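Engineer: Contents of protein_19.txt (compact mmCIF, C-alpha atoms and all ligand atoms):
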# COMPACT_ATOMS: atom_id res chain seq x y z
CA MET A 1 62.56 141.98 144.11
CA VAL A 2 59.04 143.28 143.49
CA LYS A 3 56.96 145.82 145.39
CA ALA A 4 53.84 144.69 147.25
CA VAL A 5 51.44 145.64 150.02
CA LEU A 6 52.05 143.01 152.70
CA ILE A 7 49.74 142.37 155.65
CA SER A 8 51.32 140.76 158.71
CA LYS A 9 50.01 139.80 162.12
CA ASP A 10 52.50 139.09 164.88
CA GLU A 11 53.59 140.26 168.37
CA GLN A 12 53.74 143.82 166.98
CA GLY A 13 50.08 143.60 165.96
CA TYR A 14 48.23 143.82 162.67
CA GLN A 15 50.11 145.80 160.02
CA ALA A 16 49.92 146.57 156.32
CA ASN A 17 52.99 148.07 154.65
CA VAL A 18 54.39 148.56 151.18
CA THR A 19 57.49 146.40 151.02
CA GLN A 20 59.81 144.48 148.67
CA ILE A 21 59.21 140.75 148.24
CA ASP A 22 61.21 138.11 146.44
CA PRO A 23 59.10 136.67 143.55
CA LYS A 24 60.20 133.23 144.83
CA GLN A 25 57.96 133.90 147.85
CA LEU A 26 54.86 134.07 145.59
CA PRO A 27 52.44 131.16 146.06
CA GLU A 28 52.13 128.27 143.62
CA GLY A 29 50.23 128.90 140.40
CA ASP A 30 50.34 127.86 136.76
CA VAL A 31 50.30 131.47 135.49
CA GLN A 32 52.63 134.28 136.61
CA VAL A 33 51.63 137.82 135.75
CA ALA A 34 53.11 141.30 135.89
CA VAL A 35 50.26 143.24 137.51
CA ILE A 36 49.32 146.34 135.49
CA ALA A 37 46.50 147.57 137.69
CA SER A 38 44.49 146.58 140.73
CA THR A 39 41.85 148.35 142.75
CA LEU A 40 40.55 148.97 146.23
CA ASN A 41 37.30 147.24 147.15
CA TYR A 42 35.43 147.32 150.45
CA LYS A 43 36.80 143.84 151.18
CA ASP A 44 40.38 144.98 150.46
CA ALA A 45 39.91 147.89 152.85
CA LEU A 46 38.68 145.50 155.57
CA ALA A 47 41.71 143.27 154.94
CA ILE A 48 44.25 146.13 154.98
CA THR A 49 42.88 147.82 158.09
CA GLY A 50 42.14 144.53 159.87
CA ARG A 51 38.64 145.79 160.74
CA SER A 52 37.13 142.41 159.77
CA PRO A 53 38.77 138.98 159.57
CA VAL A 54 39.00 138.88 155.77
CA VAL A 55 42.58 137.60 155.71
CA ARG A 56 42.78 133.93 156.64
CA GLN A 57 46.56 133.43 156.64
CA PHE A 58 49.60 135.65 157.18
CA PRO A 59 51.58 137.22 155.68
CA MET A 60 49.12 138.14 152.90
CA VAL A 61 49.23 140.36 149.84
CA PRO A 62 45.72 141.88 149.55
CA GLY A 63 43.94 142.76 146.31
CA ILE A 64 40.91 140.74 145.16
CA ASP A 65 41.05 142.20 141.62
CA LEU A 66 43.83 142.55 139.09
CA VAL A 67 44.69 142.91 135.43
CA GLY A 68 48.08 141.52 134.49
CA GLU A 69 50.26 140.59 131.56
CA VAL A 70 51.24 136.91 131.48
CA LEU A 71 54.97 136.42 132.16
CA THR A 72 55.02 132.60 132.22
CA SER A 73 52.25 130.07 131.72
CA GLN A 74 51.82 126.32 132.08
CA SER A 75 48.17 126.66 131.03
CA ASP A 76 46.75 125.92 127.56
CA ARG A 77 44.32 128.83 127.98
CA PHE A 78 46.88 131.64 128.30
CA LYS A 79 50.21 132.43 126.68
CA VAL A 80 53.02 134.86 127.45
CA GLY A 81 51.94 138.45 126.71
CA ASP A 82 48.17 137.83 127.13
CA HIS A 83 46.28 140.30 129.29
CA VAL A 84 44.19 138.56 131.92
CA LEU A 85 41.56 139.67 134.43
CA LEU A 86 40.90 138.24 137.87
CA ASN A 87 38.05 138.98 140.30
CA GLY A 88 37.84 137.11 143.58
CA PHE A 89 38.21 133.33 143.96
CA GLY A 90 39.72 133.99 147.40
CA VAL A 91 42.69 135.89 145.97
CA GLY A 92 43.74 138.56 148.47
CA GLU A 93 42.12 136.50 151.25
CA THR A 94 43.73 133.03 151.16
CA HIS A 95 46.08 133.45 148.15
CA TRP A 96 48.39 136.42 147.52
CA GLY A 97 46.58 139.06 145.49
CA GLY A 98 46.79 141.98 143.12
CA LEU A 99 48.26 144.81 145.21
CA ALA A 100 51.78 143.87 144.10
CA GLU A 101 53.94 144.15 141.02
CA GLN A 102 53.67 140.39 140.38
CA ALA A 103 51.19 137.62 141.12
CA SER A 104 51.21 133.84 140.75
CA LEU A 105 47.74 132.52 139.98
CA ASN A 106 45.63 129.49 139.09
CA SER A 107 44.56 129.78 135.43
CA ASP A 108 41.05 128.48 136.32
CA TRP A 109 40.44 131.81 138.03
CA LEU A 110 41.30 133.97 135.02
CA ILE A 111 39.41 135.37 132.06
CA SER A 112 40.91 137.28 129.14
CA LEU A 113 40.78 141.04 129.58
CA PRO A 114 37.57 142.04 127.71
CA SER A 115 38.43 143.85 124.46
CA ALA A 116 36.17 146.77 125.43
CA PHE A 117 38.49 147.82 128.27
CA ASN A 118 42.12 148.58 129.01
CA ALA A 119 43.63 147.51 132.36
CA GLN A 120 42.78 150.76 134.17
CA GLN A 121 39.22 150.74 132.89
CA ALA A 122 38.67 147.11 133.93
CA MET A 123 39.93 148.01 137.40
CA ALA A 124 37.72 151.10 137.51
CA ILE A 125 34.92 148.54 137.23
CA GLY A 126 36.53 145.74 139.31
CA THR A 127 34.58 143.41 141.56
CA ALA A 128 32.25 146.28 142.48
CA GLY A 129 31.11 146.97 138.91
CA TYR A 130 30.98 143.30 138.05
CA THR A 131 28.84 142.64 141.16
CA ALA A 132 26.55 145.53 140.19
CA MET A 133 26.16 143.91 136.75
CA LEU A 134 25.40 140.49 138.30
CA SER A 135 22.77 142.18 140.49
CA VAL A 136 21.11 143.93 137.54
CA MET A 137 21.19 140.69 135.52
CA ALA A 138 19.36 138.94 138.38
CA LEU A 139 16.60 141.59 138.25
CA GLU A 140 16.41 141.26 134.45
CA LYS A 141 16.20 137.46 134.73
CA HIS A 142 13.32 137.94 137.15
CA GLY A 143 11.53 139.73 134.31
CA ILE A 144 11.69 143.28 135.68
CA THR A 145 11.61 145.95 132.96
CA PRO A 146 11.55 149.76 133.18
CA SER A 147 7.77 149.72 132.78
CA HIS A 148 7.38 147.91 136.12
CA GLY A 149 8.46 150.96 138.13
CA PRO A 150 11.44 152.44 139.97
CA ILE A 151 14.47 150.52 141.22
CA LEU A 152 16.02 151.40 144.59
CA VAL A 153 19.83 151.27 144.92
CA THR A 154 21.26 151.37 148.46
CA GLY A 155 24.86 152.28 149.36
CA ALA A 156 24.58 154.56 146.35
CA ASN A 157 27.91 156.38 146.61
CA GLY A 158 29.88 153.16 146.99
CA GLY A 159 31.47 151.20 144.15
CA VAL A 160 28.65 148.68 143.67
CA GLY A 161 25.97 151.33 144.17
CA SER A 162 27.49 153.82 141.72
CA TYR A 163 27.77 151.20 138.99
CA ALA A 164 24.30 149.82 139.68
CA ILE A 165 22.86 153.33 139.19
CA ARG A 166 24.80 153.92 135.96
CA ILE A 167 23.94 150.51 134.48
CA LEU A 168 20.23 150.65 135.42
CA SER A 169 19.93 154.17 134.08
CA LYS A 170 21.58 153.16 130.79
CA LEU A 171 19.04 150.34 130.53
CA GLY A 172 16.21 152.88 130.85
CA PHE A 173 15.20 152.24 134.46
CA ASP A 174 13.98 154.96 136.80
CA VAL A 175 16.54 154.72 139.64
CA VAL A 176 16.19 156.03 143.19
CA ALA A 177 19.46 156.26 145.14
CA SER A 178 19.63 155.81 148.91
CA THR A 179 22.64 157.44 150.56
CA GLY A 180 24.00 158.83 153.81
CA ARG A 181 25.77 161.52 151.77
CA LEU A 182 23.01 163.76 150.47
CA HIS A 183 25.66 166.37 149.59
CA GLU A 184 26.70 163.97 146.78
CA SER A 185 23.20 164.10 145.25
CA ASP A 186 24.43 165.92 142.13
CA TYR A 187 26.96 163.14 141.45
CA LEU A 188 24.26 160.47 141.92
CA LYS A 189 21.94 162.35 139.54
CA GLN A 190 24.74 162.65 136.98
CA LEU A 191 25.09 158.87 137.18
CA GLY A 192 21.42 158.59 136.34
CA ALA A 193 19.42 158.60 139.58
CA SER A 194 16.10 160.41 139.16
CA ASP A 195 15.73 160.87 142.89
CA VAL A 196 17.91 160.61 146.00
CA ILE A 197 16.66 159.59 149.46
CA ASP A 198 18.36 159.76 152.86
CA ARG A 199 19.47 156.29 153.94
CA SER A 200 18.19 156.99 157.47
CA GLU A 201 14.68 156.39 156.02
CA LEU A 202 15.68 152.73 155.67
CA SER A 203 18.26 152.09 158.36
CA ASN A 204 16.01 151.47 161.38
CA SER A 205 13.52 148.78 162.27
CA GLY A 206 10.34 149.25 160.19
CA LYS A 207 6.93 147.67 159.61
CA PRO A 208 6.98 144.16 158.06
CA LEU A 209 4.83 145.40 155.16
CA GLN A 210 5.20 148.96 153.90
CA LYS A 211 3.84 150.99 150.99
CA GLU A 212 4.69 149.23 147.68
CA ARG A 213 7.30 151.50 146.10
CA TRP A 214 9.94 149.56 144.15
CA ALA A 215 9.77 147.16 141.22
CA GLY A 216 13.20 145.96 142.34
CA VAL A 217 16.06 146.76 144.68
CA VAL A 218 19.86 146.45 144.42
CA ASP A 219 20.95 146.33 148.06
CA CYS A 220 24.58 146.75 149.08
CA VAL A 221 24.18 147.28 152.80
CA GLY A 222 22.13 144.46 154.42
CA SER A 223 20.64 144.69 157.95
CA HIS A 224 17.52 146.90 158.51
CA THR A 225 18.00 148.52 155.10
CA LEU A 226 17.56 145.17 153.37
CA ALA A 227 14.58 144.31 155.59
CA ASN A 228 12.90 147.66 154.79
CA ALA A 229 13.71 147.22 151.10
CA CYS A 230 11.95 143.84 151.07
CA ALA A 231 8.98 145.32 152.95
CA SER A 232 8.49 148.03 150.32
CA VAL A 233 8.91 146.06 147.08
CA LYS A 234 5.84 145.86 144.86
CA TYR A 235 3.88 142.62 144.48
CA GLY A 236 5.99 140.02 142.60
CA GLY A 237 9.13 142.20 142.66
CA ALA A 238 12.69 141.24 143.52
CA VAL A 239 15.58 142.35 145.70
CA THR A 240 19.26 141.50 145.24
CA ALA A 241 21.52 141.30 148.30
CA CYS A 242 25.26 141.53 147.85
CA GLY A 243 26.60 143.54 150.75
CA LEU A 244 26.76 144.16 154.47
CA ALA A 245 27.97 147.75 154.83
CA GLN A 246 25.28 148.38 157.47
CA GLY A 247 25.45 144.89 158.96
CA MET A 248 25.39 141.17 158.32
CA ASP A 249 22.06 140.70 160.09
CA PHE A 250 18.74 140.47 158.28
CA PRO A 251 16.04 141.50 160.77
CA ALA A 252 13.07 140.89 158.45
CA SER A 253 9.75 139.04 158.46
CA VAL A 254 8.35 136.55 155.95
CA ALA A 255 5.38 138.89 155.28
CA PRO A 256 6.57 140.35 151.93
CA PHE A 257 7.56 136.87 150.73
CA ILE A 258 4.29 135.13 151.53
CA LEU A 259 1.86 138.03 151.01
CA ARG A 260 3.47 139.81 148.05
CA GLY A 261 5.39 136.93 146.47
CA ILE A 262 8.63 138.88 146.39
CA THR A 263 11.98 137.19 145.73
CA LEU A 264 15.35 137.80 147.36
CA TYR A 265 18.39 136.93 145.23
CA GLY A 266 21.77 136.43 146.90
CA ILE A 267 24.60 137.75 144.75
CA ASP A 268 28.05 136.21 145.10
CA SER A 269 30.82 137.37 142.81
CA VAL A 270 33.72 135.52 144.43
CA MET A 271 33.11 131.89 143.40
CA ARG A 272 30.91 132.71 140.40
CA PRO A 273 31.53 130.28 137.49
CA ILE A 274 33.66 131.58 134.60
CA ILE A 275 30.73 131.50 132.15
CA ASP A 276 28.71 133.97 134.26
CA ARG A 277 31.77 136.21 134.65
CA GLU A 278 32.28 136.35 130.90
CA LYS A 279 28.58 137.16 130.35
CA ALA A 280 28.66 139.94 132.97
CA TRP A 281 31.87 141.46 131.56
CA ASP A 282 30.45 141.31 128.00
CA ARG A 283 27.39 143.23 129.19
CA LEU A 284 29.60 145.79 130.95
CA GLY A 285 31.51 146.23 127.68
CA GLU A 286 28.25 146.89 125.81
CA LEU A 287 26.86 149.30 128.39
CA LEU A 288 29.71 151.43 129.75
CA ASP A 289 31.80 154.00 127.89
CA ASP A 290 35.01 155.87 128.74
CA GLN A 291 33.09 158.77 130.26
CA ASP A 292 31.19 156.50 132.67
CA LEU A 293 34.43 155.01 133.93
CA GLU A 294 36.14 158.37 134.43
CA GLN A 295 33.13 159.72 136.29
CA ILE A 296 33.09 156.83 138.78
CA SER A 297 36.83 156.39 139.48
CA ALA A 298 39.96 157.92 140.99
CA ASN A 299 43.54 156.68 140.39
CA ILE A 300 46.25 156.08 143.05
CA GLY A 301 49.60 154.24 143.39
CA LEU A 302 50.60 151.37 145.72
CA GLU A 303 52.04 153.80 148.31
CA GLU A 304 48.63 155.41 148.85
CA VAL A 305 46.70 152.16 149.28
CA VAL A 306 46.81 151.93 153.09
CA GLU A 307 45.67 155.55 153.55
CA TYR A 308 42.84 155.07 151.02
CA ALA A 309 41.71 151.83 152.72
CA HIS A 310 40.97 153.83 155.89
CA LYS A 311 39.25 156.58 153.88
CA LEU A 312 37.06 154.02 152.10
CA LEU A 313 35.83 152.51 155.37
CA ASP A 314 35.28 155.96 156.84
CA GLY A 315 32.89 156.65 153.96
CA SER A 316 34.88 159.53 152.47
CA ILE A 317 35.43 157.95 149.04
CA ARG A 318 32.79 157.97 146.38
CA GLY A 319 32.84 155.53 143.47
CA ARG A 320 35.94 153.48 142.74
CA VAL A 321 39.67 153.64 143.33
CA ILE A 322 42.03 152.27 140.65
CA VAL A 323 45.54 151.29 141.79
CA SER A 324 48.03 151.63 138.96
CA ILE A 325 51.04 149.41 139.55
P1 LIG A 401 31.95 150.85 149.29
O1 LIG A 401 32.65 151.04 150.57
O2 LIG A 401 32.47 151.47 148.06
O3 LIG A 401 30.43 151.34 149.47
C1 LIG A 401 29.62 150.98 150.56
C2 LIG A 401 28.55 152.05 150.70
O4 LIG A 401 27.60 151.61 151.66
C3 LIG A 401 29.08 153.37 151.24
O5 LIG A 401 29.62 154.17 150.23
C4 LIG A 401 27.84 153.97 151.85
O6 LIG A 401 27.09 154.58 150.81
C5 LIG A 401 27.05 152.73 152.32
N1 LIG A 401 27.18 152.53 153.77
C6 LIG A 401 28.33 152.50 154.49
N2 LIG A 401 28.06 152.30 155.79
C7 LIG A 401 26.71 152.23 155.89
C8 LIG A 401 25.80 152.05 156.99
N3 LIG A 401 26.22 151.93 158.25
N4 LIG A 401 24.49 152.03 156.71
C9 LIG A 401 24.03 152.15 155.45
N5 LIG A 401 24.83 152.33 154.38
C10 LIG A 401 26.15 152.36 154.60
O7 LIG A 401 31.77 149.28 149.09
P2 LIG A 401 31.40 148.47 147.74
O8 LIG A 401 30.42 149.24 146.96
O9 LIG A 401 32.64 147.99 147.12
O10 LIG A 401 30.68 147.20 148.37
C11 LIG A 401 29.38 147.33 148.95
C12 LIG A 401 29.06 146.09 149.77
O11 LIG A 401 28.96 144.98 148.90
C13 LIG A 401 30.13 145.74 150.80
O12 LIG A 401 29.49 145.23 151.96
C14 LIG A 401 30.94 144.66 150.12
O13 LIG A 401 31.56 143.80 151.04
C15 LIG A 401 29.85 143.96 149.33
N6 LIG A 401 30.32 143.26 148.14
C16 LIG A 401 29.92 141.98 147.98
C17 LIG A 401 30.25 141.28 146.87
C18 LIG A 401 29.73 139.90 146.68
O14 LIG A 401 30.27 139.14 145.88
N7 LIG A 401 28.66 139.54 147.36
C19 LIG A 401 31.14 141.85 145.86
C20 LIG A 401 31.45 143.26 146.07
C21 LIG A 401 31.06 143.91 147.21
P3 LIG A 401 26.44 156.04 151.02
O15 LIG A 401 27.54 156.93 151.51
O16 LIG A 401 25.95 156.40 149.67
O17 LIG A 401 25.35 155.87 152.03
Go through the file and emit its structure as structure tokens.
Ligand code: NDP

Structural biologist:
Amino acid sequence: MVKAVLISKDEQGYQANVTQIDPKQLPEGDVQVAVIASTLNYKDALAITGRSPVVRQFPMVPGIDLVGEVLTSQSDRFKVGDHVLLNGFGVGETHWGGLAEQASLNSDWLISLPSAFNAQQAMAIGTAGYTAMLSVMALEKHGITPSHGPILVTGANGGVGSYAIRILSKLGFDVVASTGRLHESDYLKQLGASDVIDRSELSNSGKPLQKERWAGVVDCVGSHTLANACASVKYGGAVTACGLAQGMDFPASVAPFILRGITLYGIDSVMRPIIDREKAWDRLGELLDDQDLEQISANIGLEEVVEYAHKLLDGSIRGRVIVSI
């Protein structure tokens, strides 16, 4: 038997508990892994608490990220003993995920664990850090350089936000962090933010065109914040949208697009092709060091996952949570 977080939905309601499962119950897959570490993302917290319909079938083992050691493999790409990394591809939503001692996976979803990181470090980064990297790469591809001006990062204390600040700062950008937790300003400045603003400046309906402030924006929260971010980007600038922590709506106007030629890039990490994943993880390996990862992460065990899922959604966790299995 192996230990797992199991989400069930029946007459007794929606529940997530740590329980023992028979490995024979694991779904089909051509690679079986012993999970070494997983992590807690916003999406995992929604799945575990049931606050949003992330889980599509029950029972479900959550965990959209994992690092594991290959136990058996029918794939040419991986052999027994290899360390593999998985982010997304619907794992933890429609296929049993990483918050368990074992997982059975499709090899097409896996990449080799980057040599720059051990399992815990890769999970300190997880989907959040990898999404932050994809967002920064989109701004770079747009041609934005530090000389163009400051970059705004919203949802700054969250996983994606924290990594976006660290990465942008390491690349020499002037970063402004938007947060609802001004008491965490010192942490955000240690990550590399030059200035911290109160997220309430952005979270209500604003003018369609506002003062041009940002060369680019990494937005993690959507809704009015994203609309205000677009309205205050400089001529020709770009905004990346990856999240919906404030809301899924986008109450904006076309004004900044047609009068300032700004661009909005949608960032999806879940179905991203393997080649882009490998590029993003290579960049993360070049940019982040041990100290960065320690600063941004906390470490828990499987038993604490349900409690931490509630804390994460209540906004009392900053940075990232590693789950050591
Ligand atoms: P976290 O929970 O770690 O961080 C979210 C942050 O958003 C919070 O820390 C808070 O930052 C801010 N926030 C929360 N509620 C509100 C609100 N009502 N209004 C404004 N800001 C708010 O989540 P992650 O960093 O892991 O993920 C961020 C978002 O990105 C989520 O919506 C997630 O689903 C999405 N995501 C999308 C991916 C993709 O592939 N597109 C991949 C990964 C994540 P603060 O306290 O500093 O204000």

Engineer: Any chance you could tabulate, as a tab-separated table, the residues of chain A at most 6 Å from ligand LIG 401 (chain A) with each one's nearest atom pair and distance in Å to one decimal, using all atoms listed in the file, in chain and rising number order?

Structural biologist:
residue	atom	partner	partner_atom	distance
A:Asn41	CA	A:LIG401	O9	4.7
A:Tyr42	CA	A:LIG401	O7	4.4
A:Lys43	CA	A:LIG401	O13	5.2
A:Thr127	CA	A:LIG401	C20	5.5
A:Ala128	CA	A:LIG401	C20	4.8
A:Thr131	CA	A:LIG401	C19	5.3
A:Gly155	CA	A:LIG401	O6	3.5
A:Ala156	CA	A:LIG401	O16	4.0
A:Asn157	CA	A:LIG401	O16	3.6
A:Gly158	CA	A:LIG401	O3	3.1
A:Gly159	CA	A:LIG401	O8	3.6
A:Val160	CA	A:LIG401	O8	3.8
A:Gly161	CA	A:LIG401	O8	5.7
A:Thr179	CA	A:LIG401	O17	3.5
A:Gly180	CA	A:LIG401	O17	3.7
A:Arg181	CA	A:LIG401	O15	4.9
A:Cys220	CA	A:LIG401	C12	4.6
A:Val221	CA	A:LIG401	N5	5.3
A:Cys242	CA	A:LIG401	N7	4.0
A:Gly243	CA	A:LIG401	O11	3.3
A:Leu244	CA	A:LIG401	O12	3.9
A:Ala245	CA	A:LIG401	O12	4.1
A:Gln246	CA	A:LIG401	C8	3.7
A:Ile267	CA	A:LIG401	N7	5.1
A:Asp268	CA	A:LIG401	O14	3.8
A:Ser269	CA	A:LIG401	O14	3.6
A:Val270	CA	A:LIG401	O14	5.2
A:Leu312	CA	A:LIG401	O1	5.5
A:Leu313	CA	A:LIG401	O1	5.9
A:Gly315	CA	A:LIG401	O5	5.5

Engineer: Give me, as a CSV table (one decimal) with C-alpha atoms, keeping the file's coordinate frame, all polymer residues having an atom no more than 12 Å from A:Ala45, counting all atoms listed in the file and skipping those fewer than 3 positions away in the same chain.

Structural biologist:
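So out.csv came out as:
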chain,number,residue,atom,x,y,z
A,7,ILE,CA,49.7,142.4,155.6
A,16,ALA,CA,49.9,146.6,156.3
A,39,THR,CA,41.8,148.4,142.8
A,40,LEU,CA,40.6,149.0,146.2
A,41,ASN,CA,37.3,147.2,147.2
A,42,TYR,CA,35.4,147.3,150.4
A,48,ILE,CA,44.2,146.1,155.0
A,49,THR,CA,42.9,147.8,158.1
A,50,GLY,CA,42.1,144.5,159.9
A,51,ARG,CA,38.6,145.8,160.7
A,52,SER,CA,37.1,142.4,159.8
A,53,PRO,CA,38.8,139.0,159.6
A,54,VAL,CA,39.0,138.9,155.8
A,55,VAL,CA,42.6,137.6,155.7
A,62,PRO,CA,45.7,141.9,149.6
A,63,GLY,CA,43.9,142.8,146.3
A,64,ILE,CA,40.9,140.7,145.2
A,92,GLY,CA,43.7,138.6,148.5
A,93,GLU,CA,42.1,136.5,151.2
A,99,LEU,CA,48.3,144.8,145.2
A,305,VAL,CA,46.7,152.2,149.3
A,306,VAL,CA,46.8,151.9,153.1
A,307,GLU,CA,45.7,155.6,153.6
A,308,TYR,CA,42.8,155.1,151.0
A,309,ALA,CA,41.7,151.8,152.7
A,310,HIS,CA,41.0,153.8,155.9
A,311,LYS,CA,39.2,156.6,153.9
A,312,LEU,CA,37.1,154.0,152.1
A,313,LEU,CA,35.8,152.5,155.4
A,314,ASP,CA,35.3,156.0,156.8
A,315,GLY,CA,32.9,156.6,154.0
A,317,ILE,CA,35.4,158.0,149.0
A,321,VAL,CA,39.7,153.6,143.3

Engineer: Report, in Å to a single decimal, how far apart atom CA of A:Phe89 and atom CA of A:Trp109 are.

Structural biologist: 6.5 Å

Engineer: Hey, what's within 8 Å of A:Gly301 if we count all atoms listed in the file and toss same-chain stuff fewer than 6 positions away? As a ChimeraX atom specification, please?

Structural biologist: /A:323-325

Engineer: What residues have an atom no more than 9 Å from (31.8, 144.7, 136.6) in the file's own frame, counting all atoms listed in the file, and can you write them as a list in words?

Structural biologist: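 With a cut-off of 9 Å, the residues come to Ala122, Met123, Ala124, Ile125, Gly126, Thr127, Ala128, Gly129, Tyr130, Thr131, Ala132, Met133, Leu134, Val160, Tyr163, Arg277, Ala280, Trp281, Arg283 and Leu284 of chain A.
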
Engineer: Restrict the calculation to only C-alpha atoms, then for each residue of stretch 94-125 of chain A with any atom at most 10 Å from an atom of stretch 18-24 of chain A give the closest atom pair and their distance in Å to one decimal, rows by chain and rising residue number, as a tab-separated table.

Structural biologist:
residue	atom	partner	partner_atom	distance
A:Leu99	CA	A:Val18	CA	9.3
A:Ala100	CA	A:Val18	CA	8.9
A:Glu101	CA	A:Pro23	CA	9.4
A:Gln102	CA	A:Pro23	CA	7.3
A:Ala103	CA	A:Pro23	CA	8.3
A:Ser104	CA	A:Pro23	CA	8.8

Engineer: Which is closest to A:Gly266 among A:Leu168, A:Val196, A:Ala116, A:Val218, if we use all atoms listed in the file?

Structural biologist: A:Val218

Engineer: In Å, rounded to a single decimal, give me how far atom CA of A:Ile144 is from atom CA of A:Ile296.

Structural biologist: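 Taking atom CA of A:Ile296 and atom CA of A:Ile144, their separation equals 25.5 Å.
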
Engineer: Counting all atoms listed in the file, which of A:Pro114, A:Gly143, A:Gly319, A:Pro208 gets nearest to A:Ala238?

Structural biologist: A:Gly143

Engineer: In Å to one decimal, how far is atom CA of A:Gly206 from atom CA of A:Gly261?

Structural biologist: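 Computing it gives 19.1 Å between the two atoms.
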
Engineer: Which residues are near A:Leu110? Cut-off 6 Å, only C-alpha atoms, ignore same chain within fewer than 2 positions. Put them as a list in words.

Structural biologist: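 Close residues of A:Leu110: Leu85, Leu86, Ser107 and Asp108 of chain A.
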
Engineer: Rank A:Thr72, A:Thr225, A:Asp249, A:Asp290 by their smallest atom-to-atom distance to A:Gln120, using only C-alpha atoms, and report the top residue only.

Structural biologist: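 Among the listed residues, A:Asp290 lies closest to A:Gln120.
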
Engineer: When distances are computed from all atoms listed in the file, which of A:Phe78, A:Tyr14, A:Trp96, A:Phe117 shows the smallest separation from A:Glu286?

Structural biologist: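 Closest to A:Glu286, using all atoms listed in the file: A:Phe117.
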
Engineer: Counting only C-alpha atoms, which residue out of A:Asp198, A:Asp219, A:Asp82, A:Asp282 sits closest to A:Gly247?

Structural biologist: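 Of all the options, A:Asp219 lies closest to A:Gly247.
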
Engineer: Could you name the residues that touch A:Thr263 at 9 Å or less, counting all atoms listed in the file, but leaving out those on the same chain fewer than 2 positions away, as an mmCIF file with C-alpha atoms, in the coordinates of the input?

Structural biologist:
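Output (out.cif):
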data_model
loop_
_atom_site.group_PDB
_atom_site.id
_atom_site.type_symbol
_atom_site.label_atom_id
_atom_site.label_comp_id
_atom_site.auth_asym_id
_atom_site.auth_seq_id
_atom_site.Cartn_x
_atom_site.Cartn_y
_atom_site.Cartn_z
ATOM 1 C CA HIS A 142 13.320 137.940 137.150
ATOM 2 C CA CYS A 230 11.950 143.840 151.070
ATOM 3 C CA GLY A 236 5.990 140.020 142.600
ATOM 4 C CA GLY A 237 9.130 142.200 142.660
ATOM 5 C CA ALA A 238 12.690 141.240 143.520
ATOM 6 C CA VAL A 239 15.580 142.350 145.700
ATOM 7 C CA THR A 240 19.260 141.500 145.240
ATOM 8 C CA PRO A 256 6.570 140.350 151.930
ATOM 9 C CA PHE A 257 7.560 136.870 150.730
ATOM 10 C CA GLY A 261 5.390 136.930 146.470
ATOM 11 C CA TYR A 265 18.390 136.930 145.230
#

Engineer: So that all listed atoms of stretch 53-67 of chain A fit with 5 Å spare on each side, what axis-aligned box centre and edge lengths in Å, to one decimal, would you give as lines of an AutoDock Vina configuration file?

Structural biologist:
center_x = 45.2
center_y = 138.2
center_z = 147.5
size_x = 22.8
size_y = 19.5
size_z = 34.1
